[in-house]
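Scroll down for the structure; my scribbles are underneath it.
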Amino acid sequence: MRDVYVKGELSNVKIHTSGHIYFTLKDDASRLPAVMFSANAKAVKFKPESGMTVLIRGDVNVYEASGQYQLYTQSMQSDGIGDYYLAFEQLKEKLAKEGLFNAAHKKAFPRFPKRIAVVTAPTGAAVRDICITLNRRYPLAHVVIYPTLVQGAQATQSIVQSIQAANQKDYDVLIVGRGGGSIEDLWSFNEEAVARAIYQSRIPIISAIGHETDTTIADFVSDLRAPTPTAAAELAVPSKAELLDRLLNYRSGMYRTTANAIAREKASLERLTTSFPLAYPDRLYRPFIERVERATESLRRETFQQFNYARERYKNLDKQLATRTPESRIRQSALELDALKKRIDQLAALAVRDNTQQLTSAMRTLDALSPLKIMDRGYSITYKDDKVIKSVEQVEAGDRLSISMKDGVLKTTVSERILTSEGERQDG
Amino acid sequence: MAEKEIMFNQAMEQLEEIVRQLEQGDVPLEEALTLYQKGMELSKVCHDKLQNAEKQLVTMMQEGKEVPVNLEDGSAK
Amino acid sequence: MAEKEIMFNQAMEQLEEIVRQLEQGDVPLEEALTLYQKGMELSKVCHDKLQNAEKQLVTMMQEGKEVPVNLEDGSAK
Amino acid sequence: MAEKEIMFNQAMEQLEEIVRQLEQGDVPLEEALTLYQKGMELSKVCHDKLQNAEKQLVTMMQEGKEVPVNLEDGSAK
Amino acid sequence: MAEKEIMFNQAMEQLEEIVRQLEQGDVPLEEALTLYQKGMELSKVCHDKLQNAEKQLVTMMQEGKEVPVNLEDGSAK
Amino acid sequence: MAEKEIMFNQAMEQLEEIVRQLEQGDVPLEEALTLYQKGMELSKVCHDKLQNAEKQLVTMMQEGKEVPVNLEDGSAK
Amino acid sequence: MAEKEIMFNQAMEQLEEIVRQLEQGDVPLEEALTLYQKGMELSKVCHDKLQNAEKQLVTMMQEGKEVPVNLEDGSAK
C-alpha cells in the first residue's frame with residue numbers, strides 16, 4: 001500500500017545513531033511495526049516518544065527479512081499539541097536540565113558601557129528604537145550594529161554567527177533583538193544553536209525578541225531579558241539626566257558630609273575646650289590650697305599642743321617638787337632632836353638623883369648601925385697593939401693598952417691581971 | 001590634562017568611591033578635604049564628559065569592518 | 001612650626017588624652033600645669049585647623065559651583 | 001635652692017607626714033620644734049608653688065582665650 | 001654647760017625621778033637636800049628650755065604668717 | 001672631825017639609842033655621864049646639820065625662785 | 001688613888017653590902033667598927049662622885065643649851 005495515512009500510538013520507540021527511528025504503531029486492536037529513515041526523520045519538529053499519538057503518512061510493505069508488514073514513514077505529525085510547542089517545551093526542558101538557565105551563569109552588566117553591540121536586522125523598527133534610545137540616554141557609548149537575518153531558514157545560523165563575531169571584539173554589552181512576529185517568524189530564537197551561542201557569549205547579553213508576551217529560549221538563556229528593543233536599550237545604559245542628577249547629589253552629598261565632619265569635629269573640640277579641666281583650670285590647684293592650709297593649721301595646732309603639754313607637765317612637776325622641799329623635814333627633825341635632847345637631860349638628871357637617893361639611904365642605914373653608938377651607953381674598947389682585947393689572958397701585967405671611949409682614948413699600962421671564972425669558962 | 005584622559009566610567013567610579021568614603025565618616029579631617037577636592041574635580045570631569053558628548057557614534061559591521069551609519073538614513077536603507 | 005604638621009586627628013586625640021588625664025585628677029601639680037598648657041596649645045591648633053578646613057571647604061564649593069551653575073539651577077529648582 | 005626643685009606633691013606629702021607625726025603626740029619638745037620649723041618651710045614652699053601655678057594658669061588662660069573667641073562665637077551662634 | 005645639752009624630756013624624766021624619790025620619804029636628809037638641789041637645777045633647765053621653745057615658736061609663727069596671709073585672702077575671695 | 005662625816009640620820013639614831021639606854025635605867029653613873037656627853041655631842045652634830053640644811057635650802061630657794069617667776073607669768077597671761 | 005678608880009656603882013654596892021652585914025647584927029664589934037669605917041669611906045667616895053657628876057652634868061647641859069635656841073627660832077618664824 002502506498003501513501004497511506006495512519007493514526008496510532010507510538011510504542012517501542014528506538015532512535016538509532018544513524019538517525020533512523022524504529023517503532024511500533026498500535027491502536028486498541030492491532031500493532032504495526034514501523035520505521036522512519038533519517039532523511040525523513042530530520043523534518044520532524046519534535047522528538048518522537050512512546051505513548052505519543054501521531055498521524056503518519058507513509059507506505060506499507062513487507063519487510064523481507066521477517067516477512068512481516070512494516071510501515072515506512074514519510075512524515076509524522078503529533079496529534080493534539082502543535083509541533084512548535086512540543087519542540088519548545090522539549091528544548092526548554094533539556095537546556096534547563098543542563099543548567100543553561102541557571103542564575104549563576106548570568107553575567108553582570110557594566111554600569112557605564114563604552115561599546116555596545118546590537119545583533120539585529122539592520123533595518124526596521126527594532127534597530128531604530130535601540131539606537132534612538134541609546135543616543136537619548138547615553139551618548140557616551142559607541143554602538144556597533146551587527147546586521148543579522150532574524151527570520152527564515154538562514155536566521156539561526158546568522159544569529160549564531162553575529163553573536164560569535166561580536167565576541168571576537170571588545171564590547172561591554174550585546175543586545176540581541178527582533179521586532180514582533182508569528183511563532184514561525186521568531187522560531188530561530190528557539191533553536192538550540194542560538195541558545196548555545198548566547199550561553200557561550202562572554203559578553204553579557206540582553207535579549208529583546210518580539211513583544212512582551214513572546215518568550216523564546218533565547219530569552220531564558222540571555223543574561224537579561226527586555227520586553228522590547230527600546231527596553232533593552234534602556235537596560236543597557238544609564239540615563240544622562242539621571243547621571244547629571246546623581247552628580248549633583250554627589251556634590252551636595254560630599255559637601256554635606258565634609259561640612260558635617262567639620263561640624264562634628266568642632267563640636268568635639270568645643271566639648272573638650274569646655275570640659276572641666278580646660279574650662280576651669282583653677283580646679284587643678286584649688287583643692288591643694290585647702291589641703292596645704294589644713295595641714296599648716298594642723299601643724300600650728302599640734303605643735304602648740306605639744307608645747308602646752310610639755311609646759312603643763314613641767315608646771316605639775318615643778319609644783320610637786322616645791323611640795324617636796326626638805327624644809328618640813330628639817331623642822332620635824334629639829335623638833336625630834338629637841339625632844340631627844342630634853343629627854344636626855346631629864347634622864348641624866350634622873351640618873352644623878354636616883355644615885356643620890358640610893359647613897360643617902362645607904363648612908364642613913366650605915367649611920368644607924370654604927371658601933372660607935374654602944375659607947376654612948378658607956379662601953380669602951382681596949383686595944384693592945386691595935387688589937388681589940390677580949391680576954392685578960394691576952395694581957396700581961398705591964399702591957400700598954402689603949403682604951404677607946406665615947407669621947408676619946410685613954411693610954412694606960414696594965415698593972416695587974418685578974419682572971420675570973422667566967423673568964424675562964426669563956427676561954428675554954 | 002590628565003583629567004581629560006580619564007574615562008567617564010573610571011571617573012564615576014572614583015567619585016562614587018570618594019562619596020562612599022566620605023559618607024562612612026571616619027575619614028581624618030585633612031583627608032576629607034582632599035577627598036572633597038578630588039571629588040569635586042571628578043564630578044566636574046564627569047559632568048563635562050556627559051554634557052559634551054552630544055551625539056552617539058553608531059557604526060555597522062560589514063564584512064568585518066565598521067562602517068559609519070547615519071541612523072535615520074541607516075534605518076531607512 | 002612642628003605643630004602645624006601634626007594631623008588634626010592626632011591633635012584631637014592628644015587633647016582628649018590630656019583632658020582625660022586631668023579629669024582623673026591624680027596628676028601632680030607641675031605635670032597638670034604642663035598638660036594644661038599643652039592642652040591649650042593643642043586646642044588652638046585644632047581650632048585653627050578647623051577654621052582653615054571650613055574656609056577651604058567653602059572655597060572649593062564655590063569654585064565647583066562656577067561651572068555647573070546652569071545645571072544646578074535647573075535641577076535644584 | 002634645693003627646695004625649689006622639690007615637687008609640690010612631695011612637699012605637701014612631707015608636710016602632712018610631719019603633721020601626722022605631731023598628731024601621734026609623743027614627740028620630744030626639741031623634735032617638735034624642728035618638725036614645726038621644717039613644716040613651716042614646706043608650707044611656704046607649697047604656698048609659693050601654688051601661687052606660681054595660679055599665675056601661670058591665669059597667663060595661659062588669657063593667652064588661650066585670645067584666639068578661641070572666634071571659634072566659640074562662630075560655633076555657638 | 002653640759003646641762004644645756006640635755007634634752008628637755010630627759011631633764012623632765014630625771015626631775016620626775018627626783019620627785020618620786022623625795023615622795024618616798026626614806027631618803028636621808030643630806031640626800032634629800034642633794035636631790036632637791038638637783039631637782040631645782042633640772043627645773044630651771046626645763047623652764048629655760050620651755051621659754052626658749054616658746055620664743056622660737058612665736059618667732060617662727062610670725063615669720064610663717066607673713067606669707068600665707070595673701071594666699072588665704074586670694075583663695076577665700 | 002670624824003663626827004662631821006656621820007650622817008644626820010645616823011646621828012639621830014645613835015642619839016635615840018642613847019636615850020633608850022638611859023631610859024632602861026640601870027646604867028652606871030659614869031656610863032650615864034659618858035652617854036650623856038655622847039648624846040650632847042650627837043645633838044650638836046644633828047643641830048648643826050639641820051642648821052646647815054636650812055641655810056642651804058633658803059639659798060637654793062632664793063636662787064631657784066629668781067627665774068621661774070617669768071615663765072609662770074608668761075604662760076599664765 | 002686606887003679608890004678613885006673605883007666606879008660609883010661598885011662603891012655603892014660595897015657600901016650597901018657593908019650596910020647589909022651590919023644589919024645582920026652578929027658582927028663582932030671590932031669588925032663592925034672596921035666595916036663601919038669602910039662604909040664611911042665608901043660613902044664619901046660615892047658622895048664625891050655624885051657631886052662631881054652633878055657638876056659635870058650642869059656644865060654639859062649649859063653648854064648644850066646654848067646653841068639649839070637659834071634653830072628653833074629660825075624654823076619657828
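Here's how to read the names in the C-alpha cells: chain A, B, ... by the order shown, residue numbers from 1 in each chain, ligand numbers from 1 in the order shown.
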(request) Would you kindly report the residues of chain A within 12 Å of chain F, using only C-alpha atoms, as a PyMOL selection string? (result) chain A and resi 307-308+311-312+314-316+318-319+321-322+324-356
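Neighbouring residues of Thr59 (chain B) at 6 Å or closer, counting only C-alpha atoms and skipping chain neighbours under 3 positions away, are A:Val144, B:Glu66, B:Val67, B:Pro68, B:Val69.
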Atoms kept (C-alpha atoms) for selection, written as a short mmCIF file (atom, residue, chain, number, x, y, z; two decimals), in the first residue's frame:
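Result file is out-v2.cif:
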data_model
loop_
_atom_site.label_atom_id
_atom_site.label_comp_id
_atom_site.auth_asym_id
_atom_site.auth_seq_id
_atom_site.Cartn_x
_atom_site.Cartn_y
_atom_site.Cartn_z
CA VAL A 144 28.04 48.77 16.57
CA GLU B 66 32.86 49.16 10.90
CA VAL B 67 31.00 51.40 8.57
CA PRO B 68 29.57 54.68 9.85
CA VAL B 69 25.81 54.81 9.78
#
(request) Using all C-alpha atoms matched in sequence order, least-squares fit chain C onto chain B and give the RMSD rounded to one decimal in Å. (result) 5.6 Å
(request) Please indicate the distance in Å from CA of Pro122 (chain A) to CA of Met60 (chain B), rounded to one decimal place. (result) 8.2 Å
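For His105 (chain A), the list of residues within 9 Å, based on only C-alpha atoms and with local chain neighbours fewer than 3 positions off taken out, reads Gly99, Leu100, Phe101, Asn102, Tyr199, Val221 and Asp223 of chain A.
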(request) Kindly give the distance, in Å, that separates CA of Asp28 (chain A) and CA of Asn12 (chain A), rounded to a single decimal. (result) 15.6 Å
